[in-house]
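J.: Just passing along the structure, written as structure tokens.
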Amino acid sequence: MVFTKRLREGVRRGRIRCSIRIWTRPHVKPGGRYRMDEGHIVVDSIAPIALTDVTDDLARESGFESVDDLLGIAKHGRGDNVYLIRFHYLRPGAWD
């Protein structure tokens, strides 16, 4: 999974453990391991949600200041399906 540069440190430190993605279809699956910098992201769950389910609290949990801030990054391309992805970060050399 790719994260904007400003979020990567929060992900590595474990402060950010969820992400809102707007895709045409899911690009990750639960249990999947995806490279991020020198470590990996392990997806714990992915759930479709409505855009109206994205609150300021959820945006802050995802590392953004507000829903508008999150959507400014997340809403691009042709996708219109919204997914809430919960994950954890594995540092280099760590095993799940």
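Note on naming: chains are A, B, ... as they come in the structure tokens, residues start from 1 per chain, ligands start from 1 in the order shown.
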Among chain A, which ones does DSSP place in strand (DSSP E or B), written as a ChimeraX atom specification?

T.: /A:18-23,33-36,39-49,81-90

J.: Leaving out Arg91 in chain A and any residue of its chain fewer than 2 positions from it, which residues lie within 8 Å of it when counting only C-alpha atoms, given as a PyMOL selection string?

T.: chain A and resi 12+38-40+89+93-94

J.: Tell me which protein, DNA and RNA residues are within 8 Å of range 57-67 of chain A, counting only C-alpha atoms, leaving out same-chain ones fewer than 4 positions away, and put them as a PyMOL selection string.

T.: chain A and resi 7+10+16-20+71

J.: Pull N, CA and C atoms from the residues just selected and write them as a short mmCIF file (atom, residue, chain, number, x, y, z; two decimals), in the first residue's frame.

T.:
data_model
loop_
_atom_site.label_atom_id
_atom_site.label_comp_id
_atom_site.auth_asym_id
_atom_site.auth_seq_id
_atom_site.Cartn_x
_atom_site.Cartn_y
_atom_site.Cartn_z
N LEU A 7 2.27 10.81 5.98
CA LEU A 7 1.66 9.79 6.85
C LEU A 7 2.63 8.66 7.22
N GLY A 10 3.90 8.21 10.89
CA GLY A 10 2.82 7.79 11.78
C GLY A 10 2.48 6.32 11.62
N ILE A 16 -0.92 5.40 13.16
CA ILE A 16 -1.93 5.30 12.11
C ILE A 16 -2.08 3.82 11.79
N ARG A 17 -3.30 3.30 12.00
CA ARG A 17 -3.56 1.88 11.79
C ARG A 17 -4.79 1.62 10.93
N CYS A 18 -5.25 2.68 10.25
CA CYS A 18 -6.36 2.49 9.31
C CYS A 18 -6.20 3.47 8.16
N SER A 19 -6.87 3.16 7.07
CA SER A 19 -6.81 4.01 5.88
C SER A 19 -8.14 3.95 5.16
N ILE A 20 -8.55 5.07 4.61
CA ILE A 20 -9.73 5.15 3.77
C ILE A 20 -9.24 5.19 2.33
N LEU A 71 -10.18 13.58 1.86
CA LEU A 71 -10.73 13.45 0.52
C LEU A 71 -9.87 14.15 -0.52
#

J.: With distances taken over only C-alpha atoms, which residue among A:Val11, A:Val2, A:Leu90, A:Ile22 lies nearest Leu51 in chain A?

T.: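 Selected residue with least distance to Leu51 in chain A: A:Ile22.
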
J.: With distances taken over only C-alpha atoms, which of A:Phe87, A:Tyr34, A:Trp95, A:Phe3 is nearest to Leu70 in chain A?

T.: A:Phe3

J.: May I ask for the distance between CA of Arg33 in chain A and CA of Ile73 in chain A, given in Å to one decimal place?

T.: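 Those two atoms sit 22.8 Å apart.
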
J.: Compare A:Asp68, A:Asp37, A:Thr55, A:Arg21 by their minimum atom-to-atom distance to Val82 in chain A, counting only C-alpha atoms, and give me the closest one.

T.: A:Arg21

J.: Which residue gives the smallest distance to Arg86 in chain A among A:Val42, A:Val54, A:Met1, A:Ile49, with only C-alpha atoms counted?

T.: A:Val42

J.: With only C-alpha atoms as the basis for distance, which of A:Thr4, A:Gly14, A:Val43, A:Gly32 is at the shortest distance from Leu84 in chain A?

T.: A:Val43

J.: Taking the chain letters and numbering used in this document, name the residues of chain A that DSSP puts in alpha helix (DSSP H), as a list in words.

T.: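 Checking each residue of chain A, the alpha helix (DSSP H) ones are Lys5, Arg6, Leu7, Arg8, Glu9, Gly10, Val11, Arg12, Asp56, Asp57, Leu58, Ala59, Arg60, Glu61, Val67, Asp68, Asp69, Leu70, Leu71, Gly72, Ile73 and Ala74 of chain A.
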
J.: Could you state the separation of CA of Asp80 in chain A and CA of Thr24 in chain A in Å, given to one decimal place?

T.: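 Interatomic distance, CA of Asp80 in chain A to CA of Thr24 in chain A: 5.9 Å.
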
J.: Using only C-alpha atoms, find the one residue out of A:Asp69, A:Tyr83, A:His88, A:Ala74 that sits nearest to Val28 in chain A.

T.: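 Ranked by minimum distance to Val28 in chain A, first place goes to A:Tyr83.
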
J.: Expressed in Å to a single decimal, how great is the separation between CA of Ala50 in chain A and CA of Trp23 in chain A?

T.: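 Straight-line distance from CA of Ala50 in chain A to CA of Trp23 in chain A works out to 12.5 Å.
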